[in-house]
>>> print(open('run22.pdb').read())   # PDB, C-alpha atoms and all ligand atoms
ATOM      1  CA  MET A   1     -56.644   6.928 -37.219  1.00  0.00           C
ATOM      2  CA  ILE A   2     -56.396  10.424 -38.746  1.00  0.00           C
ATOM      3  CA  GLU A   3     -54.203  10.780 -41.777  1.00  0.00           C
ATOM      4  CA  LEU A   4     -53.632  13.765 -44.039  1.00  0.00           C
ATOM      5  CA  ARG A   5     -51.777  12.967 -47.271  1.00  0.00           C
ATOM      6  CA  HIS A   6     -50.374  15.855 -49.312  1.00  0.00           C
ATOM      7  CA  VAL A   7     -53.313  18.101 -48.500  1.00  0.00           C
ATOM      8  CA  HIS A   8     -53.653  21.482 -50.229  1.00  0.00           C
ATOM      9  CA  LYS A   9     -56.413  23.943 -49.409  1.00  0.00           C
ATOM     10  CA  ARG A  10     -57.240  27.362 -50.809  1.00  0.00           C
ATOM     11  CA  TYR A  11     -60.416  29.394 -50.580  1.00  0.00           C
ATOM     12  CA  SER A  12     -61.548  30.824 -53.955  1.00  0.00           C
ATOM     13  CA  GLN A  13     -58.823  32.939 -55.542  1.00  0.00           C
ATOM     14  CA  GLN A  14     -56.749  33.322 -52.383  1.00  0.00           C
ATOM     15  CA  LYS A  15     -53.271  31.964 -51.845  1.00  0.00           C
ATOM     16  CA  ASP A  16     -52.933  28.422 -50.518  1.00  0.00           C
ATOM     17  CA  VAL A  17     -53.813  28.202 -46.824  1.00  0.00           C
ATOM     18  CA  LEU A  18     -52.439  24.646 -46.582  1.00  0.00           C
ATOM     19  CA  LYS A  19     -49.657  23.441 -48.886  1.00  0.00           C
ATOM     20  CA  ASN A  20     -48.807  19.773 -49.060  1.00  0.00           C
ATOM     21  CA  VAL A  21     -49.675  18.982 -45.437  1.00  0.00           C
ATOM     22  CA  SER A  22     -49.115  15.359 -44.379  1.00  0.00           C
ATOM     23  CA  PHE A  23     -49.272  13.792 -40.920  1.00  0.00           C
ATOM     24  CA  SER A  24     -50.935  10.952 -39.099  1.00  0.00           C
ATOM     25  CA  LEU A  25     -52.361  10.649 -35.587  1.00  0.00           C
ATOM     26  CA  GLU A  26     -52.750   7.333 -33.769  1.00  0.00           C
ATOM     27  CA  LYS A  27     -56.029   6.226 -32.223  1.00  0.00           C
ATOM     28  CA  GLY A  28     -56.218   7.455 -28.625  1.00  0.00           C
ATOM     29  CA  SER A  29     -53.522  10.107 -29.086  1.00  0.00           C
ATOM     30  CA  MET A  30     -53.827  13.705 -27.930  1.00  0.00           C
ATOM     31  CA  THR A  31     -52.123  16.305 -30.127  1.00  0.00           C
ATOM     32  CA  PHE A  32     -51.991  20.097 -30.176  1.00  0.00           C
ATOM     33  CA  LEU A  33     -52.140  22.240 -33.283  1.00  0.00           C
ATOM     34  CA  THR A  34     -50.526  25.669 -33.048  1.00  0.00           C
ATOM     35  CA  GLY A  35     -49.728  28.501 -35.419  1.00  0.00           C
ATOM     36  CA  GLN A  36     -50.291  32.230 -35.749  1.00  0.00           C
ATOM     37  CA  SER A  37     -53.706  33.697 -36.360  1.00  0.00           C
ATOM     38  CA  GLY A  38     -54.614  32.884 -39.974  1.00  0.00           C
ATOM     39  CA  ALA A  39     -52.119  29.998 -40.212  1.00  0.00           C
ATOM     40  CA  GLY A  40     -54.934  27.594 -41.122  1.00  0.00           C
ATOM     41  CA  LYS A  41     -55.662  25.766 -37.839  1.00  0.00           C
ATOM     42  CA  SER A  42     -59.449  26.027 -38.122  1.00  0.00           C
ATOM     43  CA  THR A  43     -59.242  25.115 -41.792  1.00  0.00           C
ATOM     44  CA  LEU A  44     -57.328  21.943 -40.958  1.00  0.00           C
ATOM     45  CA  LEU A  45     -59.878  20.982 -38.282  1.00  0.00           C
ATOM     46  CA  LYS A  46     -62.729  21.626 -40.732  1.00  0.00           C
ATOM     47  CA  LEU A  47     -61.116  19.297 -43.285  1.00  0.00           C
ATOM     48  CA  ILE A  48     -61.025  16.540 -40.661  1.00  0.00           C
ATOM     49  CA  ALA A  49     -64.631  17.254 -39.651  1.00  0.00           C
ATOM     50  CA  GLY A  50     -65.733  17.044 -43.290  1.00  0.00           C
ATOM     51  CA  LEU A  51     -66.884  20.672 -43.233  1.00  0.00           C
ATOM     52  CA  GLU A  52     -64.421  21.690 -45.974  1.00  0.00           C
ATOM     53  CA  ARG A  53     -62.822  19.676 -48.764  1.00  0.00           C
ATOM     54  CA  PRO A  54     -59.156  19.821 -49.796  1.00  0.00           C
ATOM     55  CA  ASN A  55     -58.300  21.057 -53.297  1.00  0.00           C
ATOM     56  CA  LYS A  56     -55.714  18.282 -53.535  1.00  0.00           C
ATOM     57  CA  GLY A  57     -54.666  15.368 -51.359  1.00  0.00           C
ATOM     58  CA  ASP A  58     -56.569  13.034 -49.048  1.00  0.00           C
ATOM     59  CA  VAL A  59     -57.999  13.208 -45.553  1.00  0.00           C
ATOM     60  CA  VAL A  60     -58.539   9.704 -44.151  1.00  0.00           C
ATOM     61  CA  VAL A  61     -60.232   9.183 -40.777  1.00  0.00           C
ATOM     62  CA  GLY A  62     -60.714   5.701 -39.336  1.00  0.00           C
ATOM     63  CA  GLY A  63     -59.959   4.266 -42.771  1.00  0.00           C
ATOM     64  CA  GLU A  64     -62.686   6.432 -44.326  1.00  0.00           C
ATOM     65  CA  PRO A  65     -61.549   8.678 -47.231  1.00  0.00           C
ATOM     66  CA  VAL A  66     -63.360  11.791 -45.975  1.00  0.00           C
ATOM     67  CA  SER A  67     -62.238  13.964 -48.856  1.00  0.00           C
ATOM     68  CA  SER A  68     -63.926  11.703 -51.390  1.00  0.00           C
ATOM     69  CA  LEU A  69     -67.224  11.122 -49.542  1.00  0.00           C
ATOM     70  CA  LYS A  70     -70.311  12.260 -51.419  1.00  0.00           C
ATOM     71  CA  ASN A  71     -72.212  15.221 -49.944  1.00  0.00           C
ATOM     72  CA  TRP A  72     -75.063  12.951 -48.803  1.00  0.00           C
ATOM     73  CA  GLU A  73     -72.579  10.704 -46.961  1.00  0.00           C
ATOM     74  CA  LEU A  74     -71.033  13.538 -44.935  1.00  0.00           C
ATOM     75  CA  PRO A  75     -73.745  13.928 -42.242  1.00  0.00           C
ATOM     76  CA  TYR A  76     -73.271  10.230 -41.329  1.00  0.00           C
ATOM     77  CA  TYR A  77     -69.496  10.640 -41.282  1.00  0.00           C
ATOM     78  CA  ARG A  78     -69.742  13.726 -39.048  1.00  0.00           C
ATOM     79  CA  ARG A  79     -71.544  11.752 -36.353  1.00  0.00           C
ATOM     80  CA  GLN A  80     -68.253  10.125 -35.405  1.00  0.00           C
ATOM     81  CA  ILE A  81     -66.551  13.519 -34.936  1.00  0.00           C
ATOM     82  CA  GLY A  82     -67.093  15.524 -31.740  1.00  0.00           C
ATOM     83  CA  VAL A  83     -66.401  19.242 -32.037  1.00  0.00           C
ATOM     84  CA  VAL A  84     -65.651  21.670 -29.190  1.00  0.00           C
ATOM     85  CA  PHE A  85     -65.649  25.399 -29.939  1.00  0.00           C
ATOM     86  CA  GLN A  86     -64.029  28.331 -28.140  1.00  0.00           C
ATOM     87  CA  ASP A  87     -67.424  29.897 -27.653  1.00  0.00           C
ATOM     88  CA  HIS A  88     -69.248  26.752 -26.501  1.00  0.00           C
ATOM     89  CA  GLN A  89     -72.373  27.776 -28.481  1.00  0.00           C
ATOM     90  CA  LEU A  90     -74.901  26.551 -25.934  1.00  0.00           C
ATOM     91  CA  ILE A  91     -78.541  27.486 -26.500  1.00  0.00           C
ATOM     92  CA  GLU A  92     -79.575  29.768 -23.633  1.00  0.00           C
ATOM     93  CA  GLU A  93     -83.252  28.794 -23.777  1.00  0.00           C
ATOM     94  CA  LEU A  94     -82.500  25.066 -23.356  1.00  0.00           C
ATOM     95  CA  SER A  95     -81.568  23.309 -20.127  1.00  0.00           C
ATOM     96  CA  ILE A  96     -78.103  21.754 -19.818  1.00  0.00           C
ATOM     97  CA  PHE A  97     -79.726  18.348 -20.377  1.00  0.00           C
ATOM     98  CA  ASP A  98     -81.453  19.497 -23.557  1.00  0.00           C
ATOM     99  CA  ASN A  99     -78.305  21.214 -24.874  1.00  0.00           C
ATOM    100  CA  VAL A 100     -76.329  17.992 -24.525  1.00  0.00           C
ATOM    101  CA  ALA A 101     -79.240  15.922 -25.886  1.00  0.00           C
ATOM    102  CA  LEU A 102     -79.480  18.006 -29.065  1.00  0.00           C
ATOM    103  CA  PRO A 103     -77.115  15.994 -31.298  1.00  0.00           C
ATOM    104  CA  LEU A 104     -78.818  12.755 -30.218  1.00  0.00           C
ATOM    105  CA  ARG A 105     -82.299  14.123 -30.949  1.00  0.00           C
ATOM    106  CA  VAL A 106     -81.124  15.255 -34.396  1.00  0.00           C
ATOM    107  CA  SER A 107     -79.804  11.729 -35.019  1.00  0.00           C
ATOM    108  CA  GLY A 108     -83.079  10.074 -33.924  1.00  0.00           C
ATOM    109  CA  TYR A 109     -81.969   8.284 -30.717  1.00  0.00           C
ATOM    110  CA  SER A 110     -84.746   6.899 -28.488  1.00  0.00           C
ATOM    111  CA  ASP A 111     -85.759   8.847 -25.352  1.00  0.00           C
ATOM    112  CA  LEU A 112     -84.391   6.098 -23.146  1.00  0.00           C
ATOM    113  CA  ASP A 113     -81.054   6.113 -24.928  1.00  0.00           C
ATOM    114  CA  ILE A 114     -80.920   9.919 -24.769  1.00  0.00           C
ATOM    115  CA  GLN A 115     -81.563   9.890 -21.018  1.00  0.00           C
ATOM    116  CA  ARG A 116     -78.819   7.331 -20.420  1.00  0.00           C
ATOM    117  CA  ARG A 117     -76.214   8.931 -22.677  1.00  0.00           C
ATOM    118  CA  VAL A 118     -76.773  12.542 -21.603  1.00  0.00           C
ATOM    119  CA  ILE A 119     -76.454  11.703 -17.911  1.00  0.00           C
ATOM    120  CA  SER A 120     -73.338   9.655 -18.611  1.00  0.00           C
ATOM    121  CA  ALA A 121     -71.777  12.479 -20.714  1.00  0.00           C
ATOM    122  CA  LEU A 122     -72.556  15.069 -18.021  1.00  0.00           C
ATOM    123  CA  ALA A 123     -71.088  12.761 -15.360  1.00  0.00           C
ATOM    124  CA  SER A 124     -67.912  12.400 -17.448  1.00  0.00           C
ATOM    125  CA  VAL A 125     -67.365  16.177 -17.225  1.00  0.00           C
ATOM    126  CA  GLY A 126     -68.366  16.359 -13.543  1.00  0.00           C
ATOM    127  CA  LEU A 127     -71.737  18.059 -14.113  1.00  0.00           C
ATOM    128  CA  ALA A 128     -74.314  15.318 -13.526  1.00  0.00           C
ATOM    129  CA  ASP A 129     -76.044  17.528 -10.950  1.00  0.00           C
ATOM    130  CA  SER A 130     -76.459  20.455 -13.341  1.00  0.00           C
ATOM    131  CA  ALA A 131     -78.753  18.766 -15.877  1.00  0.00           C
ATOM    132  CA  VAL A 132     -81.793  20.876 -14.951  1.00  0.00           C
ATOM    133  CA  ASN A 133     -79.920  24.184 -14.911  1.00  0.00           C
ATOM    134  CA  PHE A 134     -79.675  26.645 -17.786  1.00  0.00           C
ATOM    135  CA  PRO A 135     -76.401  27.860 -19.343  1.00  0.00           C
ATOM    136  CA  SER A 136     -76.575  31.311 -17.704  1.00  0.00           C
ATOM    137  CA  GLN A 137     -76.586  29.620 -14.276  1.00  0.00           C
ATOM    138  CA  LEU A 138     -73.148  28.064 -14.889  1.00  0.00           C
ATOM    139  CA  SER A 139     -69.662  29.580 -14.825  1.00  0.00           C
ATOM    140  CA  GLY A 140     -67.612  29.960 -18.015  1.00  0.00           C
ATOM    141  CA  GLY A 141     -65.563  26.861 -17.212  1.00  0.00           C
ATOM    142  CA  GLU A 142     -68.698  24.834 -16.481  1.00  0.00           C
ATOM    143  CA  GLN A 143     -70.290  26.001 -19.724  1.00  0.00           C
ATOM    144  CA  GLN A 144     -67.230  24.802 -21.609  1.00  0.00           C
ATOM    145  CA  ARG A 145     -67.577  21.421 -19.857  1.00  0.00           C
ATOM    146  CA  VAL A 146     -71.153  21.244 -21.124  1.00  0.00           C
ATOM    147  CA  GLY A 147     -69.797  21.967 -24.612  1.00  0.00           C
ATOM    148  CA  ILE A 148     -67.460  19.004 -24.181  1.00  0.00           C
ATOM    149  CA  ALA A 149     -70.278  16.773 -22.902  1.00  0.00           C
ATOM    150  CA  ARG A 150     -72.307  17.675 -26.001  1.00  0.00           C
ATOM    151  CA  ALA A 151     -69.294  16.862 -28.213  1.00  0.00           C
ATOM    152  CA  VAL A 152     -68.807  13.399 -26.680  1.00  0.00           C
ATOM    153  CA  VAL A 153     -72.441  12.392 -26.064  1.00  0.00           C
ATOM    154  CA  ALA A 154     -72.682  10.357 -29.273  1.00  0.00           C
ATOM    155  CA  LYS A 155     -69.401   8.593 -28.404  1.00  0.00           C
ATOM    156  CA  PRO A 156     -67.298   9.946 -31.275  1.00  0.00           C
ATOM    157  CA  SER A 157     -64.027   8.293 -32.250  1.00  0.00           C
ATOM    158  CA  VAL A 158     -62.467  11.718 -32.895  1.00  0.00           C
ATOM    159  CA  LEU A 159     -62.688  14.876 -30.810  1.00  0.00           C
ATOM    160  CA  ILE A 160     -61.500  18.145 -32.314  1.00  0.00           C
ATOM    161  CA  ALA A 161     -61.383  21.354 -30.327  1.00  0.00           C
ATOM    162  CA  ASP A 162     -60.819  24.847 -31.719  1.00  0.00           C
ATOM    163  CA  GLU A 163     -59.311  27.095 -29.021  1.00  0.00           C
ATOM    164  CA  PRO A 164     -61.349  25.382 -26.272  1.00  0.00           C
ATOM    165  CA  THR A 165     -59.688  27.425 -23.531  1.00  0.00           C
ATOM    166  CA  GLY A 166     -59.544  30.752 -25.373  1.00  0.00           C
ATOM    167  CA  ASN A 167     -61.939  32.417 -22.924  1.00  0.00           C
ATOM    168  CA  LEU A 168     -60.760  30.738 -19.709  1.00  0.00           C
ATOM    169  CA  ASP A 169     -58.197  31.605 -17.061  1.00  0.00           C
ATOM    170  CA  PRO A 170     -55.040  29.455 -16.729  1.00  0.00           C
ATOM    171  CA  GLU A 171     -56.349  27.201 -13.959  1.00  0.00           C
ATOM    172  CA  LEU A 172     -59.605  26.396 -15.764  1.00  0.00           C
ATOM    173  CA  SER A 173     -57.670  25.947 -19.006  1.00  0.00           C
ATOM    174  CA  THR A 174     -55.514  23.269 -17.383  1.00  0.00           C
ATOM    175  CA  ASP A 175     -58.681  21.538 -16.101  1.00  0.00           C
ATOM    176  CA  ILE A 176     -60.277  21.517 -19.548  1.00  0.00           C
ATOM    177  CA  MET A 177     -57.106  20.126 -21.168  1.00  0.00           C
ATOM    178  CA  GLY A 178     -57.006  17.432 -18.463  1.00  0.00           C
ATOM    179  CA  LEU A 179     -60.598  16.536 -19.233  1.00  0.00           C
ATOM    180  CA  LEU A 180     -59.875  16.266 -22.967  1.00  0.00           C
ATOM    181  CA  HIS A 181     -56.881  14.078 -22.146  1.00  0.00           C
ATOM    182  CA  ARG A 182     -59.115  11.671 -20.219  1.00  0.00           C
ATOM    183  CA  PHE A 183     -61.138  11.071 -23.380  1.00  0.00           C
ATOM    184  CA  SER A 184     -57.964  10.243 -25.304  1.00  0.00           C
ATOM    185  CA  GLN A 185     -57.103   7.723 -22.587  1.00  0.00           C
ATOM    186  CA  VAL A 186     -60.256   5.775 -23.410  1.00  0.00           C
ATOM    187  CA  GLY A 187     -59.398   5.641 -27.112  1.00  0.00           C
ATOM    188  CA  VAL A 188     -60.768   8.883 -28.558  1.00  0.00           C
ATOM    189  CA  THR A 189     -58.307  10.595 -30.913  1.00  0.00           C
ATOM    190  CA  VAL A 190     -58.063  14.222 -29.756  1.00  0.00           C
ATOM    191  CA  LEU A 191     -56.726  17.178 -31.771  1.00  0.00           C
ATOM    192  CA  ILE A 192     -56.778  20.636 -30.162  1.00  0.00           C
ATOM    193  CA  ALA A 193     -55.989  23.953 -31.872  1.00  0.00           C
ATOM    194  CA  SER A 194     -54.566  26.400 -29.350  1.00  0.00           C
ATOM    195  CA  HIS A 195     -52.626  29.657 -29.179  1.00  0.00           C
ATOM    196  CA  ASP A 196     -51.683  29.006 -25.585  1.00  0.00           C
ATOM    197  CA  ILE A 197     -48.083  27.908 -26.132  1.00  0.00           C
ATOM    198  CA  ALA A 198     -47.138  28.190 -22.451  1.00  0.00           C
ATOM    199  CA  LEU A 199     -49.930  25.834 -21.409  1.00  0.00           C
ATOM    200  CA  ILE A 200     -49.454  23.244 -24.147  1.00  0.00           C
ATOM    201  CA  GLU A 201     -45.693  23.062 -23.732  1.00  0.00           C
ATOM    202  CA  GLN A 202     -46.241  22.380 -20.059  1.00  0.00           C
ATOM    203  CA  LEU A 203     -48.654  19.508 -20.826  1.00  0.00           C
ATOM    204  CA  GLY A 204     -46.124  17.610 -22.930  1.00  0.00           C
ATOM    205  CA  HIS A 205     -48.315  16.168 -25.714  1.00  0.00           C
ATOM    206  CA  PRO A 206     -47.097  16.194 -29.333  1.00  0.00           C
ATOM    207  CA  ILE A 207     -47.427  19.574 -31.072  1.00  0.00           C
ATOM    208  CA  LEU A 208     -48.056  20.196 -34.785  1.00  0.00           C
ATOM    209  CA  HIS A 209     -46.999  23.731 -35.689  1.00  0.00           C
ATOM    210  CA  LEU A 210     -48.556  25.290 -38.804  1.00  0.00           C
ATOM    211  CA  GLN A 211     -46.441  27.918 -40.514  1.00  0.00           C
ATOM    212  CA  GLY A 212     -46.510  29.130 -44.096  1.00  0.00           C
ATOM    213  CA  GLY A 213     -49.072  26.461 -44.969  1.00  0.00           C
ATOM    214  CA  ASN A 214     -46.932  23.544 -43.749  1.00  0.00           C
ATOM    215  CA  ILE A 215     -46.434  21.563 -40.573  1.00  0.00           C
ATOM    216  CA  ARG A 216     -43.094  22.456 -38.973  1.00  0.00           C
TER     217      ARG A 216
HETATM  218  N1  LIG B 301     -64.582  30.389 -45.618  1.00  0.00           N
HETATM  219  C1  LIG B 301     -63.494  31.088 -45.953  1.00  0.00           C
HETATM  220  N2  LIG B 301     -63.448  31.781 -47.109  1.00  0.00           N
HETATM  221  C2  LIG B 301     -62.365  32.470 -47.478  1.00  0.00           C
HETATM  222  N3  LIG B 301     -61.225  32.527 -46.739  1.00  0.00           N
HETATM  223  C3  LIG B 301     -61.195  31.869 -45.576  1.00  0.00           C
HETATM  224  C4  LIG B 301     -62.325  31.104 -45.123  1.00  0.00           C
HETATM  225  N4  LIG B 301     -61.987  30.543 -43.924  1.00  0.00           N
HETATM  226  C5  LIG B 301     -60.739  30.932 -43.645  1.00  0.00           C
HETATM  227  N5  LIG B 301     -60.251  31.726 -44.642  1.00  0.00           N
HETATM  228  C6  LIG B 301     -58.903  32.292 -44.701  1.00  0.00           C
HETATM  229  O1  LIG B 301     -57.982  31.232 -44.573  1.00  0.00           O
HETATM  230  C7  LIG B 301     -56.879  31.590 -43.765  1.00  0.00           C
HETATM  231  C8  LIG B 301     -56.741  30.614 -42.604  1.00  0.00           C
HETATM  232  O2  LIG B 301     -57.857  30.777 -41.724  1.00  0.00           O
HETATM  233  P1  LIG B 301     -58.105  29.849 -40.443  1.00  0.00           P
HETATM  234  O3  LIG B 301     -59.357  30.336 -39.808  1.00  0.00           O
HETATM  235  O4  LIG B 301     -58.013  28.441 -40.852  1.00  0.00           O
HETATM  236  O5  LIG B 301     -56.822  30.217 -39.560  1.00  0.00           O
HETATM  237  P2  LIG B 301     -56.546  30.004 -37.993  1.00  0.00           P
HETATM  238  O6  LIG B 301     -55.139  29.555 -37.888  1.00  0.00           O
HETATM  239  O7  LIG B 301     -57.601  29.115 -37.427  1.00  0.00           O
HETATM  240  O8  LIG B 301     -56.711  31.479 -37.446  1.00  0.00           O
HETATM  241  P3  LIG B 301     -57.189  31.996 -35.968  1.00  0.00           P
HETATM  242  O9  LIG B 301     -56.149  31.526 -35.014  1.00  0.00           O
HETATM  243  O10 LIG B 301     -57.215  33.483 -36.123  1.00  0.00           O
HETATM  244  O11 LIG B 301     -58.555  31.412 -35.723  1.00  0.00           O
HETATM  245  C9  LIG B 301     -57.119  33.037 -43.343  1.00  0.00           C
HETATM  246  O12 LIG B 301     -56.406  33.873 -44.239  1.00  0.00           O
HETATM  247  C10 LIG B 301     -58.601  33.215 -43.511  1.00  0.00           C
HETATM  248  O13 LIG B 301     -58.933  34.542 -43.824  1.00  0.00           O
END
>>> encode(input="run22.pdb", output="structure tokens")
Amino acid sequence: MIELRHVHKRYSQQKDVLKNVSFSLEKGSMTFLTGQSGAGKSTLLKLIAGLERPNKGDVVVGGEPVSSLKNWELPYYRRQIGVVFQDHQLIEELSIFDNVALPLRVSGYSDLDIQRRVISALASVGLADSAVNFPSQLSGGEQQRVGIARAVVAKPSVLIADEPTGNLDPELSTDIMGLLHRFSQVGVTVLIASHDIALIEQLGHPILHLQGGNIR
């Protein structure tokens, strides 16, 4: 489902961030990505999301050669990728409903479709009753759930999360990881960058460790 073949990445004149990285992830798998600060975790996620291009090698997602898509093709490709950030990046002035609806509105979905999908996405993260609230009325863990609802509302085939529990306490972190796992169980391929070694070792999913530009 996600395959990296001999991927190299460097930014401008810097040293290589990723050197000859190859791996593949099955559809419906859940995998963690670890590594020290600066190891290249976010860079690797951005390559999969089509937000950066490799200098060498191929990134293939769902059979699509992402690294060779033309710039005008990338926005269409990105619609199948859900992204969850550490700082959930909700818009304070918009209701929870409107925050989750945003990617659908940008993609031109009908109002009826938006209504149906947003309520279903909020229900999938246990927040169907919070649609009319605003972000500041929710706890940190609930706000992160809204971020996940927004990431899955367009039914992506891939969900990538960059430190999704970085600002949460251990109990809420376990909840969020459990929620992400539920999406993998219905066929979404999930890749999560995390520093939280203790938590991810306890969860028992495969771990890719980035060190010195390679997967160890
Ligand atoms: N847009 C950019 N331009 C130049 N250098 C960059 C850019 N993005 C990242 N880098 C550099 O690439 C390296 C890897 O960064 P990246 O953010 O991928 O690491 P990370 O493992 O996600 O780190 P952290 O855990 O601190 O978020 C770092 O040295 C960083 O400074």
>>> resolve_selection(input="run22.pdb", expression="the PyMOL selection byres (((chain A and resi 181-191) around 9) and not hetatm)", output="PyMOL selection string")
chain A and resi 1-2+25-33+45+152+155-162+176-180+192-193
>>> write_last_selection(input="run22.pdb", atoms="C-alpha atoms", output="PDB file, in the coordinates of the input")
ATOM      1  CA  MET A   1     -56.644   6.928 -37.219  1.00  0.00           C
ATOM      2  CA  ILE A   2     -56.396  10.424 -38.746  1.00  0.00           C
ATOM      3  CA  LEU A  25     -52.361  10.649 -35.587  1.00  0.00           C
ATOM      4  CA  GLU A  26     -52.750   7.333 -33.769  1.00  0.00           C
ATOM      5  CA  LYS A  27     -56.029   6.226 -32.223  1.00  0.00           C
ATOM      6  CA  GLY A  28     -56.218   7.455 -28.625  1.00  0.00           C
ATOM      7  CA  SER A  29     -53.522  10.107 -29.086  1.00  0.00           C
ATOM      8  CA  MET A  30     -53.827  13.705 -27.930  1.00  0.00           C
ATOM      9  CA  THR A  31     -52.123  16.305 -30.127  1.00  0.00           C
ATOM     10  CA  PHE A  32     -51.991  20.097 -30.176  1.00  0.00           C
ATOM     11  CA  LEU A  33     -52.140  22.240 -33.283  1.00  0.00           C
ATOM     12  CA  LEU A  45     -59.878  20.982 -38.282  1.00  0.00           C
ATOM     13  CA  VAL A 152     -68.807  13.399 -26.680  1.00  0.00           C
ATOM     14  CA  LYS A 155     -69.401   8.593 -28.404  1.00  0.00           C
ATOM     15  CA  PRO A 156     -67.298   9.946 -31.275  1.00  0.00           C
ATOM     16  CA  SER A 157     -64.027   8.293 -32.250  1.00  0.00           C
ATOM     17  CA  VAL A 158     -62.467  11.718 -32.895  1.00  0.00           C
ATOM     18  CA  LEU A 159     -62.688  14.876 -30.810  1.00  0.00           C
ATOM     19  CA  ILE A 160     -61.500  18.145 -32.314  1.00  0.00           C
ATOM     20  CA  ALA A 161     -61.383  21.354 -30.327  1.00  0.00           C
ATOM     21  CA  ASP A 162     -60.819  24.847 -31.719  1.00  0.00           C
ATOM     22  CA  ILE A 176     -60.277  21.517 -19.548  1.00  0.00           C
ATOM     23  CA  MET A 177     -57.106  20.126 -21.168  1.00  0.00           C
ATOM     24  CA  GLY A 178     -57.006  17.432 -18.463  1.00  0.00           C
ATOM     25  CA  LEU A 179     -60.598  16.536 -19.233  1.00  0.00           C
ATOM     26  CA  LEU A 180     -59.875  16.266 -22.967  1.00  0.00           C
ATOM     27  CA  ILE A 192     -56.778  20.636 -30.162  1.00  0.00           C
ATOM     28  CA  ALA A 193     -55.989  23.953 -31.872  1.00  0.00           C
TER      29      ALA A 193
END
>>> residues_around(input="run22.pdb", residues="region 15-24 of chain A", least_positions_apart="5", cutoff="8 Å", atoms="all atoms listed in the file", output="PyMOL selection string")
chain A and resi 1-10+39-40+44+57+212-215
>>> residues_around(input="run22.pdb", residues="Ile148 (chain A)", least_positions_apart="5", cutoff="9 Å", atoms="only C-alpha atoms", output="PDB file with C-alpha atoms, in the frame of the given file")
ATOM      1  CA  GLY A  82     -67.093  15.524 -31.740  1.00  0.00           C
ATOM      2  CA  VAL A  83     -66.401  19.242 -32.037  1.00  0.00           C
ATOM      3  CA  VAL A  84     -65.651  21.670 -29.190  1.00  0.00           C
ATOM      4  CA  PHE A  85     -65.649  25.399 -29.939  1.00  0.00           C
ATOM      5  CA  HIS A  88     -69.248  26.752 -26.501  1.00  0.00           C
ATOM      6  CA  VAL A 100     -76.329  17.992 -24.525  1.00  0.00           C
ATOM      7  CA  ALA A 121     -71.777  12.479 -20.714  1.00  0.00           C
ATOM      8  CA  LEU A 122     -72.556  15.069 -18.021  1.00  0.00           C
ATOM      9  CA  VAL A 125     -67.365  16.177 -17.225  1.00  0.00           C
ATOM     10  CA  GLN A 143     -70.290  26.001 -19.724  1.00  0.00           C
ATOM     11  CA  VAL A 153     -72.441  12.392 -26.064  1.00  0.00           C
ATOM     12  CA  ALA A 161     -61.383  21.354 -30.327  1.00  0.00           C
ATOM     13  CA  ILE A 176     -60.277  21.517 -19.548  1.00  0.00           C
ATOM     14  CA  LEU A 179     -60.598  16.536 -19.233  1.00  0.00           C
ATOM     15  CA  LEU A 180     -59.875  16.266 -22.967  1.00  0.00           C
TER      16      LEU A 180
END
>>> residues_near_ligand(input="run22.pdb", ligand="ligand LIG 301 (chain B)", cutoff="6 Å", atoms="all atoms listed in the file", output="compact mmCIF listing (two decimals) with C-alpha atoms, keeping the file's coordinate frame")
# COMPACT_ATOMS: atom_id res chain seq x y z
CA TYR A 11 -60.42 29.39 -50.58
CA VAL A 17 -53.81 28.20 -46.82
CA GLN A 36 -50.29 32.23 -35.75
CA SER A 37 -53.71 33.70 -36.36
CA GLY A 38 -54.61 32.88 -39.97
CA ALA A 39 -52.12 30.00 -40.21
CA GLY A 40 -54.93 27.59 -41.12
CA LYS A 41 -55.66 25.77 -37.84
CA SER A 42 -59.45 26.03 -38.12
CA THR A 43 -59.24 25.12 -41.79
>>> atom_distance(input="run22.pdb", atom1="CA of Leu104 (chain A)", atom2="CA of Ser120 (chain A)")
13.2 Å
>>> atom_distance(input="run22.pdb", atom1="CA of Pro103 (chain A)", atom2="CA of Leu74 (chain A)")
15.1 Å
